[in-house]
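Novice: Please see the structure below; I have some questions.
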Amino acid sequence: MTGVERGTSAVPVPGRASDPVTVTEALPVSPGSPARAALGRPIRFAALGDSFTEGVGDPVPGGRRGWAALLADGIGGGRRGVEFRNFAVSGALSADVRDRQAPAAAAFRPDLASVVVGVNDTLRRSFDIRLIAQRLDEVCALLTGGGAVLLTACLPDPGAVLGLPGPLGRPLARRQNAVNAVVHALSSRYDAVHLHASGREWVSDRSLWSADRLHPAERGHRTVAAGFHALLAARGLTLGSPPGLAPEQPPPSRADSLLWLATAGTGWLVRRSTDLLPQLLFLAGAEVRHWARGTGAQLDRRADRALQGALATVAFTALPAVPPARSSAPKATMEG
């Protein structure tokens, strides 16, 4: 789109809007206006989340890459580059994203902001879907209030990816399903670019996962990046070519998995053994007891009530002041 800029509905601050940020009309932009000049600046892309977004599982010389960096390479092109900042940190919870990453990302004033978090919350005994919903709602409101288009994703159940037996896996499945339901609801509210990455193919295709079976391998990161690129391109929000799907490194072998378990995996298991494992064993005991009584559906209904309560009680609370908006409004296309 040349010489045209899209206006969007304003999000009041402090406070939050109950409706998604939506495109309202095309506004002519004169060649010499500040808004027209802003169209030529680099596209700002901020990535928030945990190790999934930090790039664990996709090592490159000098560090990690990950799907967000791969996507950033394909967003800009020609007349516009990309300024990419990855705020994601391994082990981050929804509270960490709200309290630390979101304010820093908002100060960056991104055009695009990905928010993918929640799996670590499911692996904690402090899991509370109501609090997770409130935190993610606040993050989405803060970023869209500053003019960013959101990128979100629902993720596969970690218990299924790890291959846990039923009594251990079902409690984690309920938790991840609840997180995904919250993400779906918020994605609709804030008109996010949403990637479905929780289907059966994500569990069954072993080549998508790294040796630890907790993080995507290079092919998994490339698949996520390509999926987001296609969704952004459909909205006119990307200029460059999609990232390739073919990995540059061989997929992890069984030996790699055993090596991970003998090294880094040992520390991970110890940390989870003092945090998640006691409660997970308690939950597994409840699964077995309800199965023996034929009352397993009660656990599903209990989880559903908690989820419905979380979605119903997301509060529209006041937020910290959003950094001043840029001279140009959020755009429905990245073409300038």
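So you can find residues: chains in the structure tokens are A, B, ... in the order shown, residues in each start at 1, and ligands are numbered from 1 in order.
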Near Gly285 of chain A, within 12 Å and counting only C-alpha atoms, which residues show up once chain neighbours fewer than 3 positions away are dropped, as a list in words?

Specialist: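 That gives Gly166, Pro167, Leu168, Gly169, Arg170, Pro171, Pro278, Gln279, Leu280, Leu281, Phe282, Val288, Arg289, His290, Trp291, Ala292 and Gly296 of chain A.
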
Novice: Mind pulling up the distance from atom CA of Gly57 of chain A to atom CA of Val97 of chain A?

Specialist: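 Atom CA of Gly57 of chain A lies 20.7 Å from atom CA of Val97 of chain A.
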
Novice: Closest to Ala234 of chain A among A:Ser114, A:Asp137, A:Val193, A:Glu201, using only C-alpha atoms?

Specialist: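 Counting only C-alpha atoms, the residue closest to Ala234 of chain A is A:Val193.
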
Novice: Given only C-alpha atoms as the basis, pick out the residue of A:Val182, A:Ala113, A:Val60, A:Ala246 nearest to Leu142 of chain A.

Specialist: A:Ala113

Novice: At what distance in Å, to one decimal, does atom CA of His184 of chain A lie from atom CA of Leu70 of chain A?

Specialist: 24.0 Å

Novice: Counting only C-alpha atoms, what is within 7 Å of segment 41-46 of chain A, bar same-chain residues fewer than 2 positions away, as a compact mmCIF listing (two decimals) with all heavy atoms, in the first residue's frame?

Specialist:
```
# COMPACT_ATOMS: atom_id res chain seq x y z
N ALA A 38 7.51 8.01 8.60
CA ALA A 38 7.61 6.87 9.50
C ALA A 38 7.41 5.56 8.76
O ALA A 38 7.89 4.52 9.19
CB ALA A 38 6.56 6.99 10.61
N LEU A 39 6.68 5.60 7.63
CA LEU A 39 6.45 4.37 6.88
C LEU A 39 7.76 3.79 6.35
O LEU A 39 7.83 2.60 6.06
CB LEU A 39 5.49 4.64 5.72
CG LEU A 39 4.02 4.86 6.09
CD1 LEU A 39 3.26 5.31 4.86
CD2 LEU A 39 3.42 3.60 6.67
N LEU A 48 8.20 -11.78 23.10
CA LEU A 48 8.10 -11.99 24.54
C LEU A 48 7.77 -13.45 24.81
O LEU A 48 7.06 -14.09 24.03
CB LEU A 48 7.01 -11.11 25.16
CG LEU A 48 7.18 -9.60 25.17
CD1 LEU A 48 6.95 -8.99 23.80
CD2 LEU A 48 6.21 -8.97 26.17
N GLY A 76 10.67 -7.91 6.97
CA GLY A 76 11.03 -6.74 6.16
C GLY A 76 11.47 -7.16 4.77
O GLY A 76 11.52 -8.34 4.42
N ARG A 80 12.24 -1.58 3.43
CA ARG A 80 12.10 -1.52 4.88
C ARG A 80 12.84 -2.68 5.54
O ARG A 80 12.66 -3.84 5.16
CB ARG A 80 10.63 -1.57 5.29
CG ARG A 80 9.82 -0.40 4.76
CD ARG A 80 8.48 -0.33 5.45
NE ARG A 80 8.60 0.04 6.85
CZ ARG A 80 7.57 0.11 7.68
NH1 ARG A 80 6.36 -0.19 7.26
NH2 ARG A 80 7.74 0.47 8.94
N GLY A 81 13.65 -2.36 6.51
CA GLY A 81 14.32 -3.38 7.30
C GLY A 81 13.50 -3.73 8.53
O GLY A 81 12.35 -3.31 8.68
N VAL A 82 14.11 -4.48 9.41
CA VAL A 82 13.45 -4.91 10.64
C VAL A 82 14.38 -4.65 11.82
O VAL A 82 15.57 -4.98 11.77
CB VAL A 82 13.08 -6.41 10.60
CG1 VAL A 82 12.50 -6.86 11.92
CG2 VAL A 82 12.10 -6.69 9.48
N GLU A 83 13.82 -4.06 12.86
CA GLU A 83 14.53 -3.92 14.13
C GLU A 83 13.90 -4.91 15.10
O GLU A 83 12.75 -4.74 15.52
CB GLU A 83 14.40 -2.49 14.67
CG GLU A 83 15.29 -2.25 15.90
CD GLU A 83 15.23 -0.81 16.37
OE1 GLU A 83 14.61 0.02 15.67
OE2 GLU A 83 15.80 -0.51 17.45
N PHE A 84 14.64 -5.96 15.44
CA PHE A 84 14.10 -7.07 16.21
C PHE A 84 14.76 -7.12 17.59
O PHE A 84 15.98 -7.03 17.72
CB PHE A 84 14.36 -8.40 15.48
CG PHE A 84 14.09 -9.63 16.29
CD1 PHE A 84 12.81 -9.91 16.77
CD2 PHE A 84 15.11 -10.53 16.58
CE1 PHE A 84 12.55 -11.03 17.51
CE2 PHE A 84 14.86 -11.67 17.32
CZ PHE A 84 13.58 -11.92 17.79
N ARG A 85 13.92 -7.28 18.61
CA ARG A 85 14.42 -7.45 19.97
C ARG A 85 13.70 -8.63 20.61
O ARG A 85 12.47 -8.69 20.61
CB ARG A 85 14.21 -6.19 20.81
CG ARG A 85 15.03 -5.00 20.33
CD ARG A 85 14.94 -3.83 21.28
NE ARG A 85 15.58 -2.65 20.73
CZ ARG A 85 15.64 -1.47 21.34
NH1 ARG A 85 15.08 -1.34 22.55
NH2 ARG A 85 16.23 -0.45 20.78
N ASN A 86 14.49 -9.55 21.15
CA ASN A 86 13.94 -10.73 21.79
C ASN A 86 14.03 -10.56 23.30
O ASN A 86 15.12 -10.59 23.88
CB ASN A 86 14.70 -11.98 21.34
CG ASN A 86 13.95 -13.25 21.66
OD1 ASN A 86 13.11 -13.28 22.58
ND2 ASN A 86 14.23 -14.31 20.93
N ALA A 105 9.20 -4.18 26.49
CA ALA A 105 8.77 -4.26 25.09
C ALA A 105 7.92 -3.06 24.71
O ALA A 105 8.05 -2.51 23.61
CB ALA A 105 8.01 -5.56 24.85
N PRO A 110 6.86 -1.44 19.62
CA PRO A 110 6.91 -2.32 18.44
C PRO A 110 5.69 -2.18 17.53
O PRO A 110 4.60 -1.80 17.97
CB PRO A 110 6.94 -3.71 19.07
CG PRO A 110 6.17 -3.55 20.35
CD PRO A 110 6.52 -2.17 20.85
N ASP A 111 5.88 -2.51 16.26
CA ASP A 111 4.77 -2.64 15.33
C ASP A 111 4.14 -4.02 15.48
O ASP A 111 2.93 -4.18 15.35
CB ASP A 111 5.25 -2.48 13.88
CG ASP A 111 5.89 -1.13 13.65
OD1 ASP A 111 5.14 -0.14 13.56
OD2 ASP A 111 7.13 -1.05 13.55
N LEU A 112 4.97 -5.02 15.73
CA LEU A 112 4.54 -6.39 15.94
C LEU A 112 5.11 -6.87 17.27
O LEU A 112 6.25 -6.56 17.60
CB LEU A 112 5.04 -7.32 14.83
CG LEU A 112 4.64 -6.97 13.39
CD1 LEU A 112 5.39 -7.88 12.42
CD2 LEU A 112 3.15 -7.11 13.21
N ALA A 113 4.31 -7.62 18.03
CA ALA A 113 4.79 -8.15 19.31
C ALA A 113 4.22 -9.55 19.50
O ALA A 113 3.00 -9.74 19.49
CB ALA A 113 4.36 -7.25 20.47
N SER A 114 5.10 -10.53 19.65
CA SER A 114 4.66 -11.90 19.89
C SER A 114 4.63 -12.16 21.40
O SER A 114 5.54 -11.77 22.12
CB SER A 114 5.57 -12.90 19.19
OG SER A 114 6.89 -12.87 19.72
```

Novice: Which of segment 44-212 of chain A end up as helix (DSSP H, G or I) when DSSP is run on this backbone - answer as JSON, numbers by chain?

Specialist: {"A": [51, 52, 53, 54, 67, 68, 69, 70, 71, 72, 73, 74, 75, 94, 95, 96, 97, 98, 99, 100, 101, 102, 103, 104, 105, 106, 107, 108, 119, 120, 121, 122, 129, 130, 131, 132, 133, 134, 135, 136, 137, 138, 139, 140, 141, 142, 143, 144, 145, 158, 159, 160, 161, 162, 166, 167, 168, 169, 170, 171, 172, 173, 174, 175, 176, 177, 178, 179, 180, 181, 182, 183, 184, 185, 186, 187, 188, 189, 200, 201, 202, 203, 204, 206, 207, 208]}

Novice: Using DSSP secondary structure from the backbone, list all strand (DSSP E) positions within segment 88-268 of chain A, as JSON, numbers by chain.

Specialist: {"A": [112, 113, 114, 115, 116, 149, 150, 151, 152, 153, 154, 193, 194, 195, 196]}

Novice: Generate a file of the selected residues that holds N, CA, C and O atoms, formatted as a JSON list (two decimals), in the first residue's frame.

Specialist:
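Now in out.json:
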```json
[["chain", "number", "residue", "atom", "x", "y", "z"],
["A", 112, "LEU", "N", 4.97, -5.02, 15.73],
["A", 112, "LEU", "CA", 4.54, -6.39, 15.94],
["A", 112, "LEU", "C", 5.11, -6.87, 17.27],
["A", 112, "LEU", "O", 6.25, -6.56, 17.60],
["A", 113, "ALA", "N", 4.31, -7.62, 18.03],
["A", 113, "ALA", "CA", 4.79, -8.15, 19.31],
["A", 113, "ALA", "C", 4.22, -9.55, 19.50],
["A", 113, "ALA", "O", 3.00, -9.74, 19.49],
["A", 114, "SER", "N", 5.10, -10.53, 19.65],
["A", 114, "SER", "CA", 4.66, -11.90, 19.89],
["A", 114, "SER", "C", 4.63, -12.16, 21.40],
["A", 114, "SER", "O", 5.54, -11.77, 22.12],
["A", 115, "VAL", "N", 3.57, -12.82, 21.85],
["A", 115, "VAL", "CA", 3.42, -13.19, 23.25],
["A", 115, "VAL", "C", 3.07, -14.68, 23.29],
["A", 115, "VAL", "O", 1.94, -15.06, 23.00],
["A", 116, "VAL", "N", 4.07, -15.50, 23.59],
["A", 116, "VAL", "CA", 3.87, -16.95, 23.64],
["A", 116, "VAL", "C", 4.45, -17.43, 24.97],
["A", 116, "VAL", "O", 5.67, -17.49, 25.15],
["A", 149, "VAL", "N", 0.58, -4.90, 16.74],
["A", 149, "VAL", "CA", -0.22, -6.04, 16.32],
["A", 149, "VAL", "C", 0.35, -7.27, 17.04],
["A", 149, "VAL", "O", 1.55, -7.51, 17.01],
["A", 150, "LEU", "N", -0.53, -8.03, 17.69],
["A", 150, "LEU", "CA", -0.08, -9.17, 18.49],
["A", 150, "LEU", "C", 0.07, -10.43, 17.66],
["A", 150, "LEU", "O", -0.71, -10.68, 16.73],
["A", 151, "LEU", "N", 1.05, -11.25, 18.03],
["A", 151, "LEU", "CA", 1.21, -12.60, 17.53],
["A", 151, "LEU", "C", 1.09, -13.54, 18.73],
["A", 151, "LEU", "O", 1.77, -13.35, 19.74],
["A", 152, "THR", "N", 0.20, -14.53, 18.62],
["A", 152, "THR", "CA", 0.00, -15.48, 19.71],
["A", 152, "THR", "C", 0.00, -16.89, 19.15],
["A", 152, "THR", "O", -0.15, -17.10, 17.94],
["A", 153, "ALA", "N", 0.12, -17.87, 20.03],
["A", 153, "ALA", "CA", 0.10, -19.28, 19.61],
["A", 153, "ALA", "C", -0.43, -20.15, 20.72],
["A", 153, "ALA", "O", -0.18, -19.89, 21.91],
["A", 154, "CYS", "N", -1.19, -21.17, 20.36],
["A", 154, "CYS", "CA", -1.52, -22.22, 21.32],
["A", 154, "CYS", "C", -0.52, -23.36, 21.11],
["A", 154, "CYS", "O", -0.14, -23.66, 19.97],
["A", 193, "VAL", "N", -2.74, -12.12, 15.50],
["A", 193, "VAL", "CA", -2.35, -13.10, 14.49],
["A", 193, "VAL", "C", -2.04, -14.39, 15.25],
["A", 193, "VAL", "O", -1.03, -14.47, 15.95],
["A", 194, "HIS", "N", -2.93, -15.36, 15.15],
["A", 194, "HIS", "CA", -2.86, -16.54, 16.03],
["A", 194, "HIS", "C", -2.46, -17.79, 15.26],
["A", 194, "HIS", "O", -3.06, -18.13, 14.24],
["A", 195, "LEU", "N", -1.45, -18.50, 15.77],
["A", 195, "LEU", "CA", -0.94, -19.73, 15.17],
["A", 195, "LEU", "C", -1.40, -20.93, 15.99],
["A", 195, "LEU", "O", -1.15, -20.99, 17.20],
["A", 196, "HIS", "N", -2.04, -21.88, 15.34],
["A", 196, "HIS", "CA", -2.44, -23.12, 16.00],
["A", 196, "HIS", "C", -1.27, -24.10, 15.92],
["A", 196, "HIS", "O", -0.97, -24.64, 14.86]]
```

Novice: Please report the interatomic distance between atom CA of Ala192 of chain A and atom CA of Pro59 of chain A in Å with one decimal.

Specialist: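 Taking atom CA of Ala192 of chain A as the start and atom CA of Pro59 of chain A as the end point, the length is 28.6 Å.
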
Novice: Counting only C-alpha atoms, figure out which residue out of A:Gly91, A:Gly118, A:Gly294, A:Pro216 gets nearest to Arg135 of chain A.

Specialist: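 With only C-alpha atoms as the atom set, the closest residue is A:Gly118.
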
Novice: Give me the residues within 12 Å of Leu239 of chain A as a list in words, counting only C-alpha atoms and dropping any in the same chain fewer than 4 places off.

Specialist: Met1, Pro42, Ile43, Leu71, Ala72, Asp73, Gly74, Ile75, Gly76, Gly77, Gly78, Arg79, Arg80, Gly81, Val82, His229, Ala230, Leu232, Ala233, Ala234, Arg235, Thr333, Met334, Glu335 and Gly336 of chain A

Novice: Have a look at A:Asp191, A:Glu287, A:Asp157, A:Asp96 and name the one nearest to Ile132 of chain A; count only C-alpha atoms.

Specialist: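 Closest residue, counting only C-alpha atoms: A:Asp96.
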
Novice: From the list A:Val224, A:Ser210, A:Asp300, A:Trp202, which residue is nearest Arg174 of chain A when using only C-alpha atoms?

Specialist: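 Distance minimum relative to Arg174 of chain A lands on A:Asp300.
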
Novice: Would you please work out which residue, of A:Pro242, A:His215, A:Leu123, A:Leu164, is nearest to Gly227 of chain A when using only C-alpha atoms?

Specialist: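 Closest residue, counting only C-alpha atoms: A:Pro242.
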